[in-house]
>>> print(open('run23.csv').read())   # CSV, C-alpha atoms
chain,number,residue,atom,x,y,z
A,1493,MET,CA,0.0,0.0,0.0
A,1494,THR,CA,1.1,3.5,-0.9
A,1495,SER,CA,0.6,6.1,1.7
A,1496,ARG,CA,-1.2,9.1,0.2
A,1497,THR,CA,-3.5,12.0,1.2
A,1498,GLY,CA,-7.2,11.7,0.4
A,1499,ILE,CA,-9.1,13.0,-2.6
A,1500,LEU,CA,-11.9,15.5,-2.3
A,1501,LEU,CA,-14.4,14.9,-5.1
A,1502,LEU,CA,-17.0,17.6,-5.6
A,1503,VAL,CA,-20.1,16.6,-7.5
A,1504,SER,CA,-22.6,19.1,-8.9
A,1505,GLY,CA,-25.4,18.8,-11.3
A,1506,PRO,CA,-29.1,19.7,-11.5
A,1507,SER,CA,-31.9,17.7,-9.8
A,1508,GLY,CA,-32.6,14.8,-12.1
A,1509,SER,CA,-29.0,14.3,-13.2
A,1510,GLY,CA,-28.5,11.3,-10.9
A,1511,LYS,CA,-25.6,12.8,-9.0
A,1512,THR,CA,-26.8,12.0,-5.5
A,1513,THR,CA,-27.3,8.3,-6.5
A,1514,LEU,CA,-23.7,8.2,-7.7
A,1515,CYS,CA,-22.3,9.8,-4.6
A,1516,ARG,CA,-24.3,7.6,-2.2
A,1517,ARG,CA,-23.3,4.4,-4.1
A,1518,LEU,CA,-19.6,5.4,-3.9
A,1519,ALA,CA,-20.0,5.8,-0.1
A,1520,ASP,CA,-22.1,2.6,0.3
A,1521,GLU,CA,-19.3,0.7,-1.4
A,1522,LYS,CA,-16.8,2.2,1.1
A,1523,GLU,CA,-14.8,3.9,-1.7
A,1524,ALA,CA,-15.3,7.3,-0.1
A,1525,HIS,CA,-16.7,9.2,2.9
A,1526,TYR,CA,-19.9,11.0,2.1
A,1527,SER,CA,-19.5,14.5,3.5
A,1528,ILE,CA,-22.3,15.5,5.9
A,1529,SER,CA,-23.5,19.1,5.8
A,1530,CYS,CA,-24.4,21.1,8.9
A,1531,THR,CA,-27.5,23.2,9.1
A,1532,THR,CA,-29.5,25.4,11.5
A,1533,ARG,CA,-32.9,24.2,10.3
A,1534,PRO,CA,-34.7,21.9,12.7
A,1535,ALA,CA,-34.4,18.2,12.2
A,1536,ARG,CA,-37.3,16.7,10.4
A,1537,GLU,CA,-39.1,13.5,11.4
A,1538,GLY,CA,-36.7,10.6,11.1
A,1539,GLU,CA,-33.5,12.7,10.4
A,1540,ILE,CA,-30.6,11.7,12.6
A,1541,ASP,CA,-28.0,14.2,13.8
A,1542,GLY,CA,-24.5,13.3,12.4
A,1543,LYS,CA,-26.0,11.1,9.7
A,1544,ASP,CA,-28.4,13.3,7.6
A,1545,TYR,CA,-26.9,16.6,8.9
A,1546,HIS,CA,-25.0,18.0,11.8
A,1547,PHE,CA,-27.7,20.1,13.4
A,1548,LEU,CA,-26.3,23.3,14.9
A,1549,SER,CA,-27.9,26.3,16.6
A,1550,LYS,CA,-27.7,29.6,14.8
A,1551,GLU,CA,-25.3,31.0,17.5
A,1552,ASP,CA,-23.0,28.0,17.1
A,1553,PHE,CA,-23.0,28.2,13.3
A,1554,SER,CA,-22.3,31.9,13.3
A,1555,THR,CA,-19.4,31.5,15.7
A,1556,ARG,CA,-17.9,28.8,13.5
A,1557,ILE,CA,-18.3,31.0,10.3
A,1558,GLU,CA,-16.5,33.9,12.2
A,1559,ALA,CA,-13.7,31.5,13.3
A,1560,GLY,CA,-13.2,30.4,9.7
A,1561,LYS,CA,-14.3,26.8,10.3
A,1562,LEU,CA,-16.7,26.5,7.3
A,1563,LEU,CA,-15.4,25.3,4.0
A,1564,GLU,CA,-18.5,26.7,2.3
A,1565,HIS,CA,-21.8,27.9,3.5
A,1566,ALA,CA,-25.0,29.7,2.4
A,1567,GLU,CA,-28.1,31.2,3.9
A,1568,VAL,CA,-31.4,29.8,2.5
A,1569,HIS,CA,-34.8,31.0,3.7
A,1570,GLY,CA,-33.3,32.2,7.0
A,1571,ASN,CA,-31.3,29.0,7.7
A,1572,TYR,CA,-27.6,28.3,7.4
A,1573,TYR,CA,-26.3,25.3,5.4
A,1574,GLY,CA,-22.6,24.5,5.0
A,1575,THR,CA,-19.7,22.1,5.4
A,1576,LEU,CA,-17.3,22.2,8.3
A,1577,LYS,CA,-13.6,22.1,7.3
A,1578,SER,CA,-13.1,19.4,10.0
A,1579,GLU,CA,-15.7,17.2,8.3
A,1580,VAL,CA,-13.4,17.0,5.2
A,1581,LEU,CA,-9.8,17.6,6.5
A,1582,ASN,CA,-9.9,14.9,9.2
A,1583,HIS,CA,-10.6,12.3,6.5
A,1584,LEU,CA,-8.2,13.6,3.9
A,1585,ALA,CA,-5.4,13.6,6.5
A,1586,VAL,CA,-5.6,9.8,7.0
A,1587,GLY,CA,-5.9,9.1,3.3
A,1588,THR,CA,-9.7,8.6,3.2
A,1589,ASP,CA,-11.3,10.0,0.0
A,1590,VAL,CA,-14.3,12.3,0.5
A,1591,VAL,CA,-17.2,12.9,-1.8
A,1592,MET,CA,-19.3,16.0,-1.6
A,1593,ASP,CA,-22.8,16.4,-3.2
A,1594,ILE,CA,-22.8,20.2,-3.6
A,1595,ASP,CA,-24.4,23.0,-5.6
A,1596,VAL,CA,-22.5,25.2,-8.0
A,1597,GLN,CA,-22.2,28.1,-5.5
A,1598,GLY,CA,-20.8,25.8,-2.8
A,1599,ALA,CA,-18.4,24.2,-5.3
A,1600,ALA,CA,-17.2,27.7,-6.2
A,1601,GLN,CA,-16.5,28.5,-2.5
A,1602,VAL,CA,-14.5,25.2,-2.1
A,1603,ARG,CA,-12.5,25.9,-5.2
A,1604,ASP,CA,-11.6,29.4,-3.8
A,1605,CYS,CA,-10.5,28.0,-0.4
A,1606,PRO,CA,-6.8,28.9,0.0
A,1607,ASP,CA,-6.0,25.9,2.2
A,1608,GLU,CA,-3.3,23.9,0.5
A,1609,LYS,CA,-4.7,20.6,1.8
A,1610,ILE,CA,-7.9,21.3,0.1
A,1611,LYS,CA,-6.2,22.5,-3.1
A,1612,ILE,CA,-4.2,19.3,-3.4
A,1613,ALA,CA,-7.1,17.1,-2.7
A,1614,LEU,CA,-9.7,18.7,-5.0
A,1615,ILE,CA,-11.2,17.4,-8.2
A,1616,ASP,CA,-14.7,18.4,-9.4
A,1617,LEU,CA,-17.3,16.9,-11.6
A,1618,PHE,CA,-20.5,18.2,-13.2
A,1619,VAL,CA,-23.2,15.5,-13.9
A,1620,MET,CA,-25.5,16.3,-16.8
A,1621,PRO,CA,-28.8,14.6,-17.6
A,1622,PRO,CA,-28.8,12.7,-20.9
A,1623,SER,CA,-31.1,15.2,-22.7
A,1624,GLU,CA,-33.7,17.9,-22.0
A,1625,GLY,CA,-36.5,15.4,-22.7
A,1626,GLU,CA,-35.2,12.9,-20.2
A,1627,LEU,CA,-34.6,15.7,-17.7
A,1628,LEU,CA,-38.2,16.8,-18.0
A,1629,ALA,CA,-39.4,13.2,-17.6
A,1630,ARG,CA,-37.3,12.8,-14.4
A,1631,LEU,CA,-38.4,16.2,-13.0
A,1632,THR,CA,-42.1,15.4,-13.7
A,1633,GLY,CA,-41.7,12.4,-11.5
A,1634,ARG,CA,-45.0,10.7,-10.6
A,1635,GLY,CA,-47.0,13.4,-12.5
A,1636,THR,CA,-48.7,14.6,-9.3
A,1637,ASP,CA,-47.1,18.0,-9.3
A,1638,ALA,CA,-48.6,21.2,-10.8
A,1639,GLU,CA,-47.3,22.3,-14.2
A,1640,GLU,CA,-45.9,25.5,-12.8
A,1641,ILE,CA,-43.8,23.6,-10.2
A,1642,ILE,CA,-42.4,21.4,-12.9
A,1643,ALA,CA,-41.7,24.4,-15.2
A,1644,LEU,CA,-39.8,26.1,-12.3
A,1645,ARG,CA,-37.7,23.0,-11.6
A,1646,MET,CA,-36.9,22.7,-15.3
A,1647,LYS,CA,-35.9,26.4,-15.4
A,1648,ASN,CA,-33.7,26.0,-12.4
A,1649,ALA,CA,-32.0,22.9,-13.8
A,1650,LEU,CA,-31.3,24.5,-17.2
A,1651,GLU,CA,-29.8,27.5,-15.4
A,1652,GLU,CA,-27.6,25.3,-13.2
A,1653,MET,CA,-26.4,23.4,-16.3
A,1654,GLN,CA,-24.8,26.5,-17.7
A,1655,HIS,CA,-22.1,26.1,-15.1
A,1656,TRP,CA,-20.5,22.9,-16.4
A,1657,PRO,CA,-17.5,24.6,-18.1
A,1658,LYS,CA,-16.2,25.6,-14.7
A,1659,TYR,CA,-15.6,22.0,-13.7
A,1660,SER,CA,-12.6,19.8,-14.6
A,1661,TYR,CA,-14.8,16.8,-15.5
A,1662,ARG,CA,-18.2,16.4,-17.0
A,1663,LEU,CA,-20.3,13.2,-17.0
A,1664,LEU,CA,-23.1,13.0,-19.5
A,1665,SER,CA,-25.5,10.6,-17.9
A,1666,ALA,CA,-26.4,7.5,-19.9
A,1667,THR,CA,-27.3,4.2,-18.1
A,1668,ARG,CA,-27.0,3.7,-14.4
A,1669,GLU,CA,-24.2,1.1,-14.6
A,1670,GLU,CA,-22.2,3.0,-17.2
A,1671,ASP,CA,-22.5,6.2,-15.2
A,1672,TYR,CA,-21.2,4.5,-12.1
A,1673,LEU,CA,-18.3,2.9,-13.9
A,1674,ASN,CA,-17.2,6.2,-15.3
A,1675,PHE,CA,-17.8,8.0,-12.0
A,1676,LYS,CA,-15.8,5.5,-10.0
A,1677,SER,CA,-13.0,5.6,-12.6
A,1678,LEU,CA,-12.4,9.2,-11.5
A,1679,ILE,CA,-11.5,8.1,-8.0
A,1680,LEU,CA,-9.5,5.1,-9.1
A,1681,ALA,CA,-7.4,7.2,-11.5
A,1682,GLU,CA,-6.9,10.0,-8.9
A,1683,ARG,CA,-5.5,7.4,-6.5
A,1684,LEU,CA,-2.6,6.9,-8.9
A,1685,ARG,CA,-1.7,10.6,-8.9
A,1686,VAL,CA,1.9,11.1,-8.0
A,1687,SER,CA,1.4,14.5,-6.4
A,1688,ARG,CA,-0.6,13.0,-3.6
A,1689,ILE,CA,1.9,10.2,-2.8
A,1690,LEU,CA,3.6,10.8,0.6
B,991,MET,CA,-21.9,11.3,-27.8
B,992,THR,CA,-19.7,14.2,-26.9
B,993,SER,CA,-17.2,15.3,-29.5
B,994,ARG,CA,-13.7,15.6,-28.0
B,995,THR,CA,-10.0,15.3,-29.0
B,996,GLY,CA,-8.1,12.1,-28.2
B,997,ILE,CA,-6.0,11.3,-25.2
B,998,LEU,CA,-2.3,10.5,-25.6
B,999,LEU,CA,-1.4,8.1,-22.7
B,1000,LEU,CA,2.4,7.5,-22.3
B,1001,VAL,CA,3.3,4.4,-20.3
B,1002,SER,CA,6.8,3.8,-19.0
B,1003,GLY,CA,8.2,1.3,-16.5
B,1004,PRO,CA,11.0,-1.2,-16.3
B,1005,SER,CA,11.0,-4.6,-18.0
B,1006,GLY,CA,9.0,-6.8,-15.7
B,1007,SER,CA,6.6,-4.1,-14.6
B,1008,GLY,CA,3.9,-5.5,-16.9
B,1009,LYS,CA,3.4,-2.2,-18.8
B,1010,THR,CA,3.4,-3.8,-22.3
B,1011,THR,CA,0.7,-6.3,-21.3
B,1012,LEU,CA,-1.5,-3.4,-20.0
B,1013,CYS,CA,-1.0,-1.3,-23.2
B,1014,ARG,CA,-1.7,-4.3,-25.5
B,1015,ARG,CA,-4.9,-5.2,-23.7
B,1016,LEU,CA,-6.2,-1.7,-23.9
B,1017,ALA,CA,-5.6,-1.7,-27.7
B,1018,ASP,CA,-7.0,-5.3,-28.0
B,1019,GLU,CA,-10.2,-4.1,-26.3
B,1020,LYS,CA,-10.4,-1.2,-28.9
B,1021,GLU,CA,-10.1,1.4,-26.1
B,1022,ALA,CA,-7.1,3.0,-27.7
B,1023,HIS,CA,-4.8,2.9,-30.7
B,1024,TYR,CA,-1.4,1.3,-29.9
B,1025,SER,CA,1.2,3.7,-31.3
B,1026,ILE,CA,3.6,1.9,-33.6
B,1027,SER,CA,7.3,3.0,-33.6
B,1028,CYS,CA,9.4,3.4,-36.7
B,1029,THR,CA,13.0,2.0,-36.9
B,1030,THR,CA,15.9,1.7,-39.3
B,1031,ARG,CA,16.9,-1.7,-38.1
B,1032,PRO,CA,16.0,-4.5,-40.5
B,1033,ALA,CA,12.8,-6.4,-39.9
B,1034,ARG,CA,13.3,-9.7,-38.1
B,1035,GLU,CA,11.7,-13.0,-39.2
B,1036,GLY,CA,7.9,-12.7,-38.8
B,1037,GLU,CA,7.8,-8.9,-38.2
B,1038,ILE,CA,5.3,-7.1,-40.3
B,1039,ASP,CA,5.8,-3.5,-41.6
B,1040,GLY,CA,3.1,-1.2,-40.2
B,1041,LYS,CA,2.2,-3.7,-37.4
B,1042,ASP,CA,5.3,-4.3,-35.4
B,1043,TYR,CA,7.2,-1.3,-36.7
B,1044,HIS,CA,7.2,1.1,-39.6
B,1045,PHE,CA,10.5,0.1,-41.2
B,1046,LEU,CA,12.3,3.1,-42.7
B,1047,SER,CA,15.7,3.5,-44.4
B,1048,LYS,CA,18.3,5.6,-42.6
B,1049,GLU,CA,18.0,8.3,-45.3
B,1050,ASP,CA,14.2,8.5,-44.9
B,1051,PHE,CA,14.4,8.6,-41.1
B,1052,SER,CA,17.1,11.3,-41.2
B,1053,THR,CA,15.1,13.4,-43.6
B,1054,ARG,CA,12.0,13.1,-41.3
B,1055,ILE,CA,14.0,14.1,-38.2
B,1056,GLU,CA,15.3,17.2,-40.0
B,1057,ALA,CA,11.8,18.1,-41.2
B,1058,GLY,CA,10.6,17.9,-37.5
B,1059,LYS,CA,8.3,14.9,-38.2
B,1060,LEU,CA,9.4,12.9,-35.2
B,1061,LEU,CA,7.6,13.2,-31.9
B,1062,GLU,CA,10.6,11.5,-30.2
B,1063,HIS,CA,13.6,9.4,-31.4
B,1064,ALA,CA,16.8,7.9,-30.2
B,1065,GLU,CA,19.8,6.1,-31.8
B,1066,VAL,CA,20.6,2.7,-30.3
B,1067,HIS,CA,23.5,0.6,-31.5
B,1068,GLY,CA,23.6,2.6,-34.8
B,1069,ASN,CA,19.9,2.3,-35.5
B,1070,TYR,CA,17.2,4.9,-35.2
B,1071,TYR,CA,14.0,4.3,-33.3
B,1072,GLY,CA,11.2,6.8,-32.9
B,1073,THR,CA,7.6,7.8,-33.2
B,1074,LEU,CA,6.2,9.9,-36.1
B,1075,LYS,CA,4.0,12.8,-35.1
B,1076,SER,CA,1.5,11.7,-37.8
B,1077,GLU,CA,1.2,8.3,-36.1
B,1078,VAL,CA,-0.2,10.1,-33.1
B,1079,LEU,CA,-1.8,13.3,-34.3
B,1080,ASN,CA,-4.0,11.7,-37.0
B,1081,HIS,CA,-5.7,9.6,-34.4
B,1082,LEU,CA,-6.0,12.4,-31.7
B,1083,ALA,CA,-7.7,14.7,-34.3
B,1084,VAL,CA,-10.6,12.3,-34.8
B,1085,GLY,CA,-11.0,11.6,-31.1
B,1086,THR,CA,-9.2,8.3,-31.0
B,1087,ASP,CA,-7.2,7.7,-27.8
B,1088,VAL,CA,-3.6,6.6,-28.3
B,1089,VAL,CA,-1.4,4.6,-26.0
B,1090,MET,CA,2.4,4.7,-26.2
B,1091,ASP,CA,4.7,2.1,-24.6
B,1092,ILE,CA,7.8,4.3,-24.2
B,1093,ASP,CA,11.0,4.5,-22.2
B,1094,VAL,CA,11.8,7.4,-19.9
B,1095,GLN,CA,14.0,9.3,-22.4
B,1096,GLY,CA,11.3,9.1,-25.1
B,1097,ALA,CA,8.6,10.2,-22.6
B,1098,ALA,CA,10.7,13.2,-21.7
B,1099,GLN,CA,10.9,14.2,-25.4
B,1100,VAL,CA,7.1,13.9,-25.8
B,1101,ARG,CA,6.6,16.0,-22.7
B,1102,ASP,CA,8.9,18.7,-24.1
B,1103,CYS,CA,7.1,18.8,-27.5
B,1104,PRO,CA,5.7,22.3,-27.9
B,1105,ASP,CA,2.8,21.2,-30.1
B,1106,GLU,CA,-0.4,22.3,-28.3
B,1107,LYS,CA,-2.3,19.3,-29.7
B,1108,ILE,CA,0.2,17.0,-27.9
B,1109,LYS,CA,0.1,19.1,-24.7
B,1110,ILE,CA,-3.7,19.0,-24.4
B,1111,ALA,CA,-3.8,15.2,-25.2
B,1112,LEU,CA,-1.0,14.1,-22.9
B,1113,ILE,CA,-1.1,12.1,-19.6
B,1114,ASP,CA,1.7,9.9,-18.4
B,1115,LEU,CA,1.9,6.8,-16.2
B,1116,PHE,CA,4.8,5.0,-14.7
B,1117,VAL,CA,4.2,1.3,-13.9
B,1118,MET,CA,6.2,-0.1,-11.0
B,1119,PRO,CA,6.7,-3.8,-10.2
B,1120,PRO,CA,5.1,-4.9,-6.9
B,1121,SER,CA,8.5,-5.4,-5.1
B,1122,GLU,CA,12.2,-5.9,-5.9
B,1123,GLY,CA,11.8,-9.6,-5.1
B,1124,GLU,CA,9.0,-10.0,-7.6
B,1125,LEU,CA,10.9,-7.9,-10.1
B,1126,LEU,CA,13.9,-10.2,-9.8
B,1127,ALA,CA,11.6,-13.3,-10.2
B,1128,ARG,CA,10.1,-11.8,-13.4
B,1129,LEU,CA,13.5,-10.8,-14.8
B,1130,THR,CA,15.0,-14.3,-14.0
B,1131,GLY,CA,12.3,-15.8,-16.3
B,1132,ARG,CA,12.8,-19.4,-17.1
B,1133,GLY,CA,16.1,-19.4,-15.2
B,1134,THR,CA,18.2,-20.2,-18.4
B,1135,ASP,CA,20.0,-16.9,-18.5
B,1136,ALA,CA,23.5,-16.3,-17.0
B,1137,GLU,CA,23.6,-14.6,-13.6
B,1138,GLU,CA,25.4,-11.6,-15.0
B,1139,ILE,CA,22.7,-11.0,-17.6
B,1140,ILE,CA,20.0,-11.1,-14.9
B,1141,ALA,CA,22.1,-8.8,-12.7
B,1142,LEU,CA,22.4,-6.3,-15.5
B,1143,ARG,CA,18.7,-6.4,-16.2
B,1144,MET,CA,18.0,-5.8,-12.5
B,1145,LYS,CA,20.4,-2.9,-12.4
B,1146,ASN,CA,18.8,-1.3,-15.5
B,1147,ALA,CA,15.3,-1.8,-14.0
B,1148,LEU,CA,16.2,-0.2,-10.7
B,1149,GLU,CA,17.8,2.7,-12.5
B,1150,GLU,CA,14.7,3.3,-14.6
B,1151,MET,CA,12.5,3.1,-11.6
B,1152,GLN,CA,14.2,6.3,-10.2
B,1153,HIS,CA,12.2,8.3,-12.8
B,1154,TRP,CA,8.7,7.7,-11.5
B,1155,PRO,CA,8.4,11.1,-9.8
B,1156,LYS,CA,8.5,12.8,-13.2
B,1157,TYR,CA,5.2,11.2,-14.1
B,1158,SER,CA,1.6,12.4,-13.2
B,1159,TYR,CA,0.4,8.9,-12.3
B,1160,ARG,CA,2.1,5.9,-10.9
B,1161,LEU,CA,0.7,2.4,-10.8
B,1162,LEU,CA,2.1,-0.1,-8.3
B,1163,SER,CA,1.5,-3.5,-9.9
B,1164,ALA,CA,-0.5,-5.9,-7.9
B,1165,THR,CA,-2.7,-8.5,-9.6
B,1166,ARG,CA,-3.3,-8.6,-13.4
B,1167,GLU,CA,-7.0,-7.8,-13.2
B,1168,GLU,CA,-6.6,-5.1,-10.5
B,1169,ASP,CA,-3.8,-3.5,-12.5
B,1170,TYR,CA,-5.9,-3.4,-15.7
B,1171,LEU,CA,-8.9,-2.0,-13.9
B,1172,ASN,CA,-6.8,0.9,-12.5
B,1173,PHE,CA,-5.0,1.4,-15.8
B,1174,LYS,CA,-8.3,1.5,-17.8
B,1175,SER,CA,-9.7,3.9,-15.2
B,1176,LEU,CA,-7.1,6.5,-16.3
B,1177,ILE,CA,-8.6,6.5,-19.8
B,1178,LEU,CA,-12.2,6.4,-18.6
B,1179,ALA,CA,-11.6,9.4,-16.3
B,1180,GLU,CA,-9.7,11.4,-18.9
B,1181,ARG,CA,-12.6,11.0,-21.3
B,1182,LEU,CA,-14.7,13.1,-19.0
B,1183,ARG,CA,-12.2,16.0,-18.9
B,1184,VAL,CA,-13.9,19.3,-19.8
B,1185,SER,CA,-10.7,20.8,-21.4
B,1186,ARG,CA,-10.9,18.3,-24.3
B,1187,ILE,CA,-14.6,18.7,-25.1
B,1188,LEU,CA,-15.1,20.4,-28.4
>>> encode(input="run23.csv", output="structure tokens")
Amino acid sequence: MTSRTGILLLVSGPSGSGKTTLCRRLADEKEAHYSISCTTRPAREGEIDGKDYHFLSKEDFSTRIEAGKLLEHAEVHGNYYGTLKSEVLNHLAVGTDVVMDIDVQGAAQVRDCPDEKIKIALIDLFVMPPSEGELLARLTGRGTDAEEIIALRMKNALEEMQHWPKYSYRLLSATREEDYLNFKSLILAERLRVSRIL
Amino acid sequence: MTSRTGILLLVSGPSGSGKTTLCRRLADEKEAHYSISCTTRPAREGEIDGKDYHFLSKEDFSTRIEAGKLLEHAEVHGNYYGTLKSEVLNHLAVGTDVVMDIDVQGAAQVRDCPDEKIKIALIDLFVMPPSEGELLARLTGRGTDAEEIIALRMKNALEEMQHWPKYSYRLLSATREEDYLNFKSLILAERLRVSRIL
């Protein structure tokens, strides 16, 4: 076994691209740690602290932002969401790879992080749905949602898709197995990278 | 299908590392074109022009060197060996990936090539034997060679192995299937790279 530092794989893409399924499978197969976000919104029925989210009070979250402990964060509808640096760095330091399911704004913040340990670890991927038709089918779901809701989801997805050229890698979704093979190859290939060998 | 330019994968490593087996399998599985060298040495029994080598006269080879048509070349025991730029660029232009089984001196020449089409295409891998003990076993082969011959092979291999830090990727050979999975992942991952998407 070669001793090396971990990889931080950022994965973005619109709802319906299948990115979350890919990230979860990588974690389920023990290939990477799935980075858990923290939030100030209250836990919902069935959500477990430390598994679904790290649930923090607003005071605690604010203190951590001021102390520079957040790798990325955003305020949405009056609640904070973000990723603690410790959630990522502790794993990277012992050579565990970390996968982050993250939106384009969050990914931009991680890319801008000046910490050398993050810079060395980082690779980023944008997952695209196979086509607009297939995206619409996926966003329509069970067909119980109002037309305006679906139209809004579609608009948001198409807007988010404009950001793919900012990423180093882009996966055009095809079949589930083919997508996962290509997705996993990113981690397998990066494990051979000389610059991370200790 | 995304339209993209091809990848040029350089593969180096000492005799006994298994690099040639990896390159041939990638080509056999139609994942990449195996780059064919040209040489001025006479064809041996059974060698086919255009398959094993492009066999050239010394005059022809010299003319091509002077015209800047060689991507890399060397003189060994009075004969020229090298790779024609056309052998690589024609494939890259149509999006075919190319794999080159090449020594460390040749790889250094390809890396120094100022052609932007080569620079964009290039990734390089050094394949290492699992251990010195296993390397010795592989170089000893059928045990019919003189001890001095084996010692010389071992010395050359150990010298060549010093060059791995110049490469972007390093593969520590383990089992045949594991090696191929990791090797192939390099090509699969690189196919997702945004900078090569047209």
>>> residues_around(input="run23.csv", residues="range 1080-1090 of chain B", least_positions_apart="4", cutoff="9 Å", atoms="only C-alpha atoms", output="list in words")
Ser993, Arg994, Thr995, Gly996, Ile997, Leu998, Leu999, Leu1000, Val1001, Ser1002, Cys1013, Arg1014, Leu1016, Ala1017, Glu1021, Ala1022, His1023, Tyr1024, Ser1025, Ile1026, Lys1075, Ser1076, Lys1107, Ile1108, Ala1111 and Ile1177 of chain B
>>> residues_around(input="run23.csv", residues="Met1653 in chain A", least_positions_apart="3", cutoff="9 Å", atoms="only C-alpha atoms", output="JSON, numbers by chain")
{"A": [1505, 1506, 1618, 1619, 1620, 1648, 1649, 1650, 1656]}
>>> residues_around(input="run23.csv", residues="Met1646 in chain A", least_positions_apart="3", cutoff="9 Å", atoms="only C-alpha atoms", output="compact mmCIF listing (two decimals) with C-alpha atoms, in the frame of the given file")
# COMPACT_ATOMS: atom_id res chain seq x y z
CA SER A 1507 -31.90 17.70 -9.80
CA GLU A 1624 -33.70 17.90 -22.00
CA LEU A 1627 -34.60 15.70 -17.70
CA LEU A 1628 -38.20 16.80 -18.00
CA LEU A 1631 -38.40 16.20 -13.00
CA ILE A 1641 -43.80 23.60 -10.20
CA ILE A 1642 -42.40 21.40 -12.90
CA ALA A 1643 -41.70 24.40 -15.20
CA ALA A 1649 -32.00 22.90 -13.80
CA LEU A 1650 -31.30 24.50 -17.20
CA GLU A 1651 -29.80 27.50 -15.40
>>> closest_atom_pairs(input="run23.csv", of="chain B", to="chain A", cutoff="8 Å", atoms="all atoms listed in the file", output="tab-separated table")
residue	atom	partner	partner_atom	distance
B:Pro1155	CA	A:Val1686	CA	6.7
B:Tyr1157	CA	A:Val1686	CA	6.9
B:Ser1158	CA	A:Val1686	CA	5.4
B:Tyr1159	CA	A:Arg1685	CA	4.3
B:Arg1160	CA	A:Leu1684	CA	5.2
B:Leu1161	CA	A:Leu1684	CA	5.9
B:Asn1172	CA	A:Leu1680	CA	6.0
B:Phe1173	CA	A:Ala1681	CA	7.6
B:Ser1175	CA	A:Ser1677	CA	4.5
B:Leu1176	CA	A:Ala1681	CA	4.9
B:Leu1178	CA	A:Asn1674	CA	6.0
B:Ala1179	CA	A:Leu1678	CA	4.9
B:Leu1182	CA	A:Tyr1661	CA	5.1
B:Arg1183	CA	A:Tyr1661	CA	4.4
B:Val1184	CA	A:Tyr1661	CA	5.1
B:Ser1185	CA	A:Ser1660	CA	7.1
>>> atom_distance(input="run23.csv", atom1="CA of Thr1575 in chain A", atom2="CA of Cys1530 in chain A")
5.9 Å
>>> closest_residue(input="run23.csv", among="A:Leu1690, A:Arg1645, A:Asp1520, A:Tyr1572", to="Gly1633 in chain A", atoms="all atoms listed in the file")
A:Arg1645
>>> residues_around(input="run23.csv", residues="Leu1074 in chain B", least_positions_apart="6", cutoff="10 Å", atoms="only C-alpha atoms", output="MDAnalysis selection string")
chainID B and resid 1025:1028 1044 1051 1054:1055 1058:1063
>>> atom_distance(input="run23.csv", atom1="CA of Lys1511 in chain A", atom2="CA of Leu1614 in chain A")
17.4 Å
>>> atom_distance(input="run23.csv", atom1="CA of Ala1057 in chain B", atom2="CA of Arg1034 in chain B")
28.0 Å
>>> closest_residue(input="run23.csv", among="B:Glu1167, B:Thr1029, B:Ala1064, B:Val1078", to="Lys1048 in chain B", atoms="all atoms listed in the file")
B:Thr1029
>>> build_atoms(input="run23.csv", residues="range 1020-1029 of chain B", atoms="N, CA and C atoms", output="PDB file, in the frame of the given file")
ATOM      1  N   LYS B1020      -9.954  -2.359 -28.000  1.00  0.00           N
ATOM      2  CA  LYS B1020     -10.400  -1.200 -28.900  1.00  0.00           C
ATOM      3  C   LYS B1020     -10.607   0.060 -28.061  1.00  0.00           C
ATOM      4  N   GLU B1021      -9.963   0.171 -26.896  1.00  0.00           N
ATOM      5  CA  GLU B1021     -10.100   1.400 -26.100  1.00  0.00           C
ATOM      6  C   GLU B1021      -9.132   2.471 -26.574  1.00  0.00           C
ATOM      7  N   ALA B1022      -8.063   2.038 -27.257  1.00  0.00           N
ATOM      8  CA  ALA B1022      -7.100   3.000 -27.700  1.00  0.00           C
ATOM      9  C   ALA B1022      -6.265   2.413 -28.877  1.00  0.00           C
ATOM     10  N   HIS B1023      -5.684   3.287 -29.666  1.00  0.00           N
ATOM     11  CA  HIS B1023      -4.800   2.900 -30.700  1.00  0.00           C
ATOM     12  C   HIS B1023      -3.372   2.676 -30.111  1.00  0.00           C
ATOM     13  N   TYR B1024      -2.744   1.556 -30.404  1.00  0.00           N
ATOM     14  CA  TYR B1024      -1.400   1.300 -29.900  1.00  0.00           C
ATOM     15  C   TYR B1024      -0.409   1.945 -30.878  1.00  0.00           C
ATOM     16  N   SER B1025       0.312   2.923 -30.400  1.00  0.00           N
ATOM     17  CA  SER B1025       1.200   3.700 -31.300  1.00  0.00           C
ATOM     18  C   SER B1025       2.366   2.779 -31.746  1.00  0.00           C
ATOM     19  N   ILE B1026       2.582   2.768 -33.061  1.00  0.00           N
ATOM     20  CA  ILE B1026       3.600   1.900 -33.600  1.00  0.00           C
ATOM     21  C   ILE B1026       4.861   2.773 -33.932  1.00  0.00           C
ATOM     22  N   SER B1027       6.007   2.317 -33.438  1.00  0.00           N
ATOM     23  CA  SER B1027       7.300   3.000 -33.600  1.00  0.00           C
ATOM     24  C   SER B1027       7.782   2.820 -35.043  1.00  0.00           C
ATOM     25  N   CYS B1028       8.718   3.676 -35.441  1.00  0.00           N
ATOM     26  CA  CYS B1028       9.400   3.400 -36.700  1.00  0.00           C
ATOM     27  C   CYS B1028      10.906   3.141 -36.334  1.00  0.00           C
ATOM     28  N   THR B1029      11.574   2.409 -37.166  1.00  0.00           N
ATOM     29  CA  THR B1029      13.000   2.000 -36.900  1.00  0.00           C
ATOM     30  C   THR B1029      13.714   1.831 -38.212  1.00  0.00           C
TER      31      THR B1029
END
